[in-house]
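K.L.:
Just passing along the structure, written as structure tokens.
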Amino acid sequence: MSNKPETNAVLIHPSKQVHSQITEVITGLLNGLPVTLAQSAFTTEPRVLVERQQHVDSKGLPLQGRSLDIPQAFTLVKRGDACFIKHEKSGESVLLKGVNCRPVTDAAN
């Protein structure tokens, strides 16, 4: 891992390709569990929570009752000129290629 300090960040002008790359990275960090992210993910806040999708019946009620799964948190961070998605639980981070982001301060969040 780099010795460069990391700061929380948000995306600058994300494209559909950036959104697809982030979705693929998070899916990979969750060992292949498919995710659906809002187009606005990481555009105003550096952190996104991902919950497991519940299976529902024809009335929209959960098949297995209330889910006790803990949402997984991901943070967009900037190290030097590079942007990374960091899985908070594991601490693992993945470089985003061709993605522009800007640091945010805690006071802005």
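A note on labels: chains of the structure tokens are A, B, ... as shown, every chain counts residues from 1, and ligands are counted from 1 in their shown order.
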Using only C-alpha atoms, which residues sit within 8 Å of range 23-25 of chain A once same-chain residues fewer than 5 positions away are excluded, as an MDAnalysis selection string?

P.N.:
chainID A and resid 35:37 85 94

K.L.:
Give me the residues near Ser90 in chain A as a VMD selection string, where near means some atom within 10 Å (using only C-alpha atoms) and where sequence neighbours in that chain fewer than 6 positions away do not count.

P.N.:
chain A and resid 29 72 to 73

K.L.:
Set the distance at 9 Å and use only C-alpha atoms: which residues neighbour Gln21 in chain A once local chain neighbours fewer than 4 positions away are removed? I'd like the list as number ranges by chain.

P.N.:
A: 16-17, 25-26, 96-97

K.L.:
Output all heavy atoms for every residue in that selection, as a PDB file, in the first residue's frame.

P.N.:
ATOM      1  N   LYS A  16     -21.405   7.146 -17.319  1.00  0.00           N
ATOM      2  CA  LYS A  16     -21.981   5.811 -17.189  1.00  0.00           C
ATOM      3  C   LYS A  16     -20.878   4.772 -17.044  1.00  0.00           C
ATOM      4  O   LYS A  16     -21.028   3.791 -16.335  1.00  0.00           O
ATOM      5  CB  LYS A  16     -22.867   5.485 -18.391  1.00  0.00           C
ATOM      6  CG  LYS A  16     -24.161   6.249 -18.393  1.00  0.00           C
ATOM      7  CD  LYS A  16     -25.031   5.874 -19.575  1.00  0.00           C
ATOM      8  CE  LYS A  16     -26.300   6.704 -19.565  1.00  0.00           C
ATOM      9  NZ  LYS A  16     -27.184   6.369 -20.679  1.00  0.00           N
ATOM     10  N   GLN A  17     -19.736   4.998 -17.725  1.00  0.00           N
ATOM     11  CA  GLN A  17     -18.614   4.066 -17.635  1.00  0.00           C
ATOM     12  C   GLN A  17     -18.020   4.060 -16.234  1.00  0.00           C
ATOM     13  O   GLN A  17     -17.650   3.007 -15.714  1.00  0.00           O
ATOM     14  CB  GLN A  17     -17.522   4.421 -18.671  1.00  0.00           C
ATOM     15  CG  GLN A  17     -17.928   4.194 -20.094  1.00  0.00           C
ATOM     16  CD  GLN A  17     -18.783   5.324 -20.698  1.00  0.00           C
ATOM     17  OE1 GLN A  17     -18.969   6.381 -20.104  1.00  0.00           O
ATOM     18  NE2 GLN A  17     -19.312   5.088 -21.888  1.00  0.00           N
ATOM     19  N   VAL A  25     -16.381  -2.956  -9.283  1.00  0.00           N
ATOM     20  CA  VAL A  25     -15.407  -3.002  -8.186  1.00  0.00           C
ATOM     21  C   VAL A  25     -16.091  -3.441  -6.889  1.00  0.00           C
ATOM     22  O   VAL A  25     -15.601  -4.325  -6.178  1.00  0.00           O
ATOM     23  CB  VAL A  25     -14.709  -1.631  -8.009  1.00  0.00           C
ATOM     24  CG1 VAL A  25     -13.991  -1.539  -6.669  1.00  0.00           C
ATOM     25  CG2 VAL A  25     -13.737  -1.389  -9.157  1.00  0.00           C
ATOM     26  N   ILE A  26     -17.246  -2.858  -6.591  1.00  0.00           N
ATOM     27  CA  ILE A  26     -17.948  -3.217  -5.348  1.00  0.00           C
ATOM     28  C   ILE A  26     -18.421  -4.663  -5.414  1.00  0.00           C
ATOM     29  O   ILE A  26     -18.318  -5.399  -4.427  1.00  0.00           O
ATOM     30  CB  ILE A  26     -19.087  -2.223  -5.064  1.00  0.00           C
ATOM     31  CG1 ILE A  26     -18.473  -0.866  -4.676  1.00  0.00           C
ATOM     32  CG2 ILE A  26     -20.012  -2.746  -3.962  1.00  0.00           C
ATOM     33  CD1 ILE A  26     -19.472   0.245  -4.444  1.00  0.00           C
ATOM     34  N   LEU A  96      -9.524   2.964  -9.064  1.00  0.00           N
ATOM     35  CA  LEU A  96     -10.463   3.251 -10.144  1.00  0.00           C
ATOM     36  C   LEU A  96      -9.672   3.896 -11.277  1.00  0.00           C
ATOM     37  O   LEU A  96      -9.034   4.930 -11.073  1.00  0.00           O
ATOM     38  CB  LEU A  96     -11.570   4.186  -9.659  1.00  0.00           C
ATOM     39  CG  LEU A  96     -12.454   3.647  -8.542  1.00  0.00           C
ATOM     40  CD1 LEU A  96     -13.373   4.743  -8.019  1.00  0.00           C
ATOM     41  CD2 LEU A  96     -13.257   2.455  -9.031  1.00  0.00           C
ATOM     42  N   LYS A  97      -9.727   3.303 -12.448  1.00  0.00           N
ATOM     43  CA  LYS A  97      -8.949   3.799 -13.586  1.00  0.00           C
ATOM     44  C   LYS A  97      -9.736   4.846 -14.371  1.00  0.00           C
ATOM     45  O   LYS A  97     -10.893   4.644 -14.695  1.00  0.00           O
ATOM     46  CB  LYS A  97      -8.572   2.635 -14.492  1.00  0.00           C
ATOM     47  CG  LYS A  97      -7.686   1.626 -13.791  1.00  0.00           C
ATOM     48  CD  LYS A  97      -7.404   0.427 -14.647  1.00  0.00           C
ATOM     49  CE  LYS A  97      -6.595  -0.585 -13.851  1.00  0.00           C
ATOM     50  NZ  LYS A  97      -6.493  -1.863 -14.517  1.00  0.00           N
TER      51      LYS A  97
END

K.L.:
Quote the spacing between CA of Pro5 in chain A and CA of Leu49 in chain A in Å to one decimal place.

P.N.:
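Between these atoms lies a distance of 23.3 Å.
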
K.L.:
At what distance in Å, to one decimal, does CA of Arg79 in chain A lie from CA of Pro14 in chain A?

P.N.:
18.2 Å

K.L.:
Could you check which of A:Ser20, A:Leu30, A:Thr105, A:Thr44 is closest to Phe74 in chain A, using only C-alpha atoms?

P.N.:
A:Leu30

K.L.:
In terms of the shortest atom-to-atom distance over only C-alpha atoms, which of A:Val99, A:Glu88, A:Val104, A:Ala38 is closest to His13 in chain A?

P.N.:
A:Val99

K.L.:
With only C-alpha atoms as the basis for distance, which of A:Gly91, A:Thr75, A:Ser15, A:Asp81 is at the shortest distance from Pro46 in chain A?

P.N.:
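The closest residue to Pro46 in chain A is A:Thr75.
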
K.L.:
Need the shell around Phe42 in chain A: protein/DNA/RNA residues with any atom at most 7 Å away, counting only C-alpha atoms. Skip same-chain ones fewer than 3 positions apart. Format as a PyMOL selection string?

P.N.:
chain A and resi 10-11+45-48+76
